[in-house]
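Here is structure.txt, consisting of compact mmCIF, C-alpha atoms:
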```txt
# COMPACT_ATOMS: atom_id res chain seq x y z
CA LEU A 598 15.68 279.14 19.74
CA LEU A 599 15.61 278.80 23.53
CA ILE A 600 18.98 277.01 23.52
CA ARG A 601 20.59 279.62 21.23
CA MET A 602 19.19 282.40 23.39
CA GLN A 603 20.85 280.89 26.47
CA ASP A 604 24.12 280.42 24.58
CA ALA A 605 24.09 284.12 23.70
CA GLU A 606 23.13 285.06 27.26
CA PHE A 607 26.06 283.21 28.80
CA ALA A 608 28.58 284.16 26.13
CA VAL A 609 27.64 287.84 25.88
CA SER A 610 25.42 289.12 28.66
CA ASN A 611 26.89 287.22 31.59
CA THR A 612 30.45 287.77 30.41
CA GLY A 613 29.74 291.48 30.04
CA MET A 614 28.30 291.63 33.55
CA GLN A 615 31.32 289.88 35.01
CA LEU A 616 33.66 292.26 33.17
CA LEU A 617 31.72 295.16 34.67
CA ARG A 618 32.03 293.50 38.06
CA CYS A 619 35.81 293.33 37.56
CA ARG A 620 35.73 297.13 37.35
CA THR A 621 33.45 297.54 40.38
CA GLY A 622 35.25 294.92 42.47
CA SER A 623 32.16 292.77 42.89
CA VAL A 624 32.82 289.73 40.70
CA GLY A 625 30.47 286.94 41.67
CA LEU A 626 30.89 283.21 41.61
CA GLY A 627 28.14 281.58 39.65
CA GLY A 628 27.45 278.82 37.22
CA ASN A 629 30.10 276.45 35.96
CA GLY A 630 33.85 276.76 35.97
CA GLN A 631 34.64 278.29 39.32
CA PHE A 632 37.65 277.41 41.41
CA THR A 633 38.03 278.14 45.10
CA ARG A 634 40.91 277.41 47.45
CA LEU A 635 40.12 274.84 50.13
CA SER A 636 41.81 277.09 52.70
CA ALA A 637 39.32 279.85 51.81
CA LEU A 638 36.39 277.47 52.20
CA ASP A 639 37.76 276.29 55.55
CA ARG A 640 38.22 279.88 56.78
CA ILE A 641 34.71 280.88 55.72
CA ALA A 642 33.22 277.72 57.22
CA ALA A 643 34.97 278.45 60.53
CA ALA A 644 33.52 281.97 60.64
CA GLU A 645 30.08 281.21 59.21
CA ARG A 646 29.70 277.53 60.22
CA ARG A 647 29.56 276.69 56.50
CA PRO A 648 30.50 278.45 53.25
CA TRP A 649 26.82 279.16 52.46
CA LYS A 650 23.45 278.92 54.15
CA GLN A 651 21.75 275.53 54.18
CA ASP A 652 18.72 276.83 52.26
CA ALA A 653 20.74 278.81 49.71
CA LEU A 654 19.24 278.75 46.23
CA LEU A 655 22.33 280.42 44.76
CA GLU A 656 25.02 278.72 46.80
CA ASP A 657 27.66 279.63 44.23
CA TYR A 658 26.86 283.34 44.23
CA GLU A 659 26.48 283.32 48.02
CA LEU A 660 29.91 281.70 48.35
CA GLY A 661 31.29 284.53 46.23
CA LEU A 662 29.77 287.05 48.64
CA HIS A 663 31.36 285.25 51.58
CA MET A 664 34.70 285.23 49.77
CA ARG A 665 34.54 288.98 49.11
CA LEU A 666 33.38 289.75 52.66
CA ALA A 667 36.30 287.70 54.02
CA GLY A 668 38.70 289.77 51.92
CA TYR A 669 39.48 287.24 49.21
CA ARG A 670 39.99 288.42 45.66
CA VAL A 671 37.40 287.03 43.27
CA THR A 672 37.99 287.55 39.57
CA HIS A 673 36.63 286.62 36.17
CA ILE A 674 38.94 285.30 33.46
CA ALA A 675 37.39 286.20 30.12
CA ASP A 676 39.60 284.02 27.91
CA THR A 677 38.50 280.75 29.49
CA TRP A 678 35.16 279.01 29.29
CA VAL A 679 33.33 275.91 30.36
CA THR A 680 30.79 274.19 28.17
CA GLN A 681 27.36 273.83 29.64
CA GLU A 682 24.06 272.50 28.51
CA ALA A 683 21.18 274.89 27.98
CA LEU A 684 17.65 274.03 29.04
CA PRO A 685 15.59 273.03 25.99
CA TYR A 686 12.18 273.23 27.66
CA THR A 687 10.38 276.45 28.54
CA ARG A 688 8.99 275.12 31.82
CA ARG A 689 12.41 274.05 33.11
CA PHE A 690 13.89 277.34 31.92
CA LEU A 691 11.26 279.32 33.84
CA THR A 692 11.76 277.14 36.92
CA GLN A 693 15.51 277.82 36.78
CA ARG A 694 15.04 281.56 36.38
CA THR A 695 12.50 281.70 39.20
CA ARG A 696 14.98 279.90 41.45
CA TRP A 697 17.71 282.36 40.46
CA ALA A 698 15.46 285.34 41.20
CA GLN A 699 14.50 283.89 44.59
CA GLY A 700 18.18 283.20 45.32
CA ASN A 701 19.09 286.81 44.57
CA ILE A 702 16.36 287.98 46.92
CA GLN A 703 17.68 285.61 49.62
CA CYS A 704 21.04 287.35 49.37
CA VAL A 705 19.48 290.61 50.58
CA ARG A 706 20.42 289.29 54.05
CA TYR A 707 24.02 290.27 53.21
CA ALA A 708 23.22 293.87 52.27
CA THR A 709 24.19 295.39 55.61
CA ARG A 710 27.45 293.46 55.70
CA ILE A 711 28.30 294.48 52.13
CA VAL A 712 27.53 298.15 52.77
CA GLY A 713 29.75 298.12 55.88
CA SER A 714 32.54 296.01 54.39
CA ARG A 715 35.98 297.46 53.81
CA HIS A 716 36.39 294.89 51.01
CA TYR A 717 33.77 296.50 48.75
CA ARG A 718 34.23 299.79 46.94
CA ALA A 719 31.18 302.06 46.53
CA GLN A 720 30.60 300.85 42.97
CA GLY A 721 30.75 297.23 44.11
CA VAL A 722 28.23 297.93 46.86
CA MET A 723 25.84 299.51 44.35
CA GLU A 724 26.25 296.66 41.86
CA SER A 725 25.70 294.03 44.55
CA LEU A 726 22.58 295.72 45.89
CA TYR A 727 21.26 296.08 42.34
CA THR A 728 21.81 292.34 41.76
CA PHE A 729 19.67 291.39 44.75
CA PHE A 730 16.53 292.79 43.15
CA PRO A 731 15.86 290.93 39.86
```
For this file, produce the structure as structure tokens.
Amino acid sequence: LLIRMQDAEFAVSNTGMQLLRCRTGSVGLGGNGQFTRLSALDRIAAAERRPWKQDALLEDYELGLHMRLAGYRVTHIADTWVTQEALPYTRRFLTQRTRWAQGNIQCVRYATRIVGSRHYRAQGVMESLYTFFP
């Protein structure tokens, strides 16, 4: 049941959220199946010293924030997918979700930059701020 629940979450809930983010201009990198240009990583690393903070719990999502703040277009392609393995044990599942929640809270440090960014529309700002508080 836990595995099927995660399959449904990634196939339905997460895809739906990313499609909403396409509309708000706040698509986030996260999970499996993300591709980033090396030139973008180099540019972000030059400005930030690295593409994400050393203690980042959600380094993929944080990289997406850096990409958006630097003016790169981040998008979700709904007709592609990457297989992934769900967590079959409740304890590991809860550990993962706790880490994700803590990682979202860590990203609050970007709130001021997102609010002041010319690369985020008002809807994208609201969605991003909402995401920080699980």
Item to check | Residues within 12 Å of region 605-611 of chain A, only C-alpha atoms, excluding chain neighbours under 6 positions, as a PyMOL selection string | outcome: chain A and resi 598-599+617-618+624-629+673+675-683
Checklist entry - What lies within 12 Å of Ser714 (chain A) using all atoms listed in the file, ignoring chain neighbours under 2 positions off, as a list in words? => result Ser623, Leu662, His663, Met664, Arg665, Leu666, Ala667, Gly668, Tyr707, Ala708, Thr709, Arg710, Ile711, Val712, His716, Tyr717, Arg718, Ala719, Gly721 and Val722 of chain A
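When the distance limit is 12 Å and all atoms listed in the file are what count, the residues near Ser636 (chain A), minus those fewer than 6 positions from it on the same chain, are Ala642, Ala643, Pro648, Met664 and Tyr669 of chain A.
We find CA of Leu726 (chain A) and CA of Val705 (chain A) to be spaced 7.6 Å apart.
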In the coordinates of the file, take the point (19.5, 293.7, 46.7) and a cut-off of 8 Å; then, counting all atoms listed in the file, name each qualifying protein, DNA or RNA residue as an mmCIF file with C-alpha atoms, keeping the file's coordinate frame.
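Output file result25.cif follows:
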```cif
data_model
loop_
_atom_site.group_PDB
_atom_site.id
_atom_site.type_symbol
_atom_site.label_atom_id
_atom_site.label_comp_id
_atom_site.auth_asym_id
_atom_site.auth_seq_id
_atom_site.Cartn_x
_atom_site.Cartn_y
_atom_site.Cartn_z
ATOM 1 C CA ASN A 701 19.090 286.810 44.570
ATOM 2 C CA ILE A 702 16.360 287.980 46.920
ATOM 3 C CA CYS A 704 21.040 287.350 49.370
ATOM 4 C CA VAL A 705 19.480 290.610 50.580
ATOM 5 C CA ALA A 708 23.220 293.870 52.270
ATOM 6 C CA SER A 725 25.700 294.030 44.550
ATOM 7 C CA LEU A 726 22.580 295.720 45.890
ATOM 8 C CA TYR A 727 21.260 296.080 42.340
ATOM 9 C CA THR A 728 21.810 292.340 41.760
ATOM 10 C CA PHE A 729 19.670 291.390 44.750
ATOM 11 C CA PHE A 730 16.530 292.790 43.150
#
```
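The two atoms in question, CA of Tyr658 (chain A) and CA of Trp697 (chain A), are spaced 9.9 Å apart.
Considering the residues A:Thr672, A:Thr687, A:Gln651, A:Gln703 and counting only C-alpha atoms, Arg620 (chain A) has its shortest atom-to-atom contact with A:Thr672.
Here CA of Arg601 (chain A) stands at a distance of 24.5 Å from CA of Gln699 (chain A).
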Checklist entry - For Met723 (chain A), which residue out of A:Gly630, A:Gly700, A:Gly622, A:Pro685 is the nearest one, using only C-alpha atoms? => result A:Gly622
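Nearest to Ala637 (chain A) of all the residues A:Glu724, A:Cys619, A:Gly661, A:Gln693 is A:Gly661, counting only C-alpha atoms.
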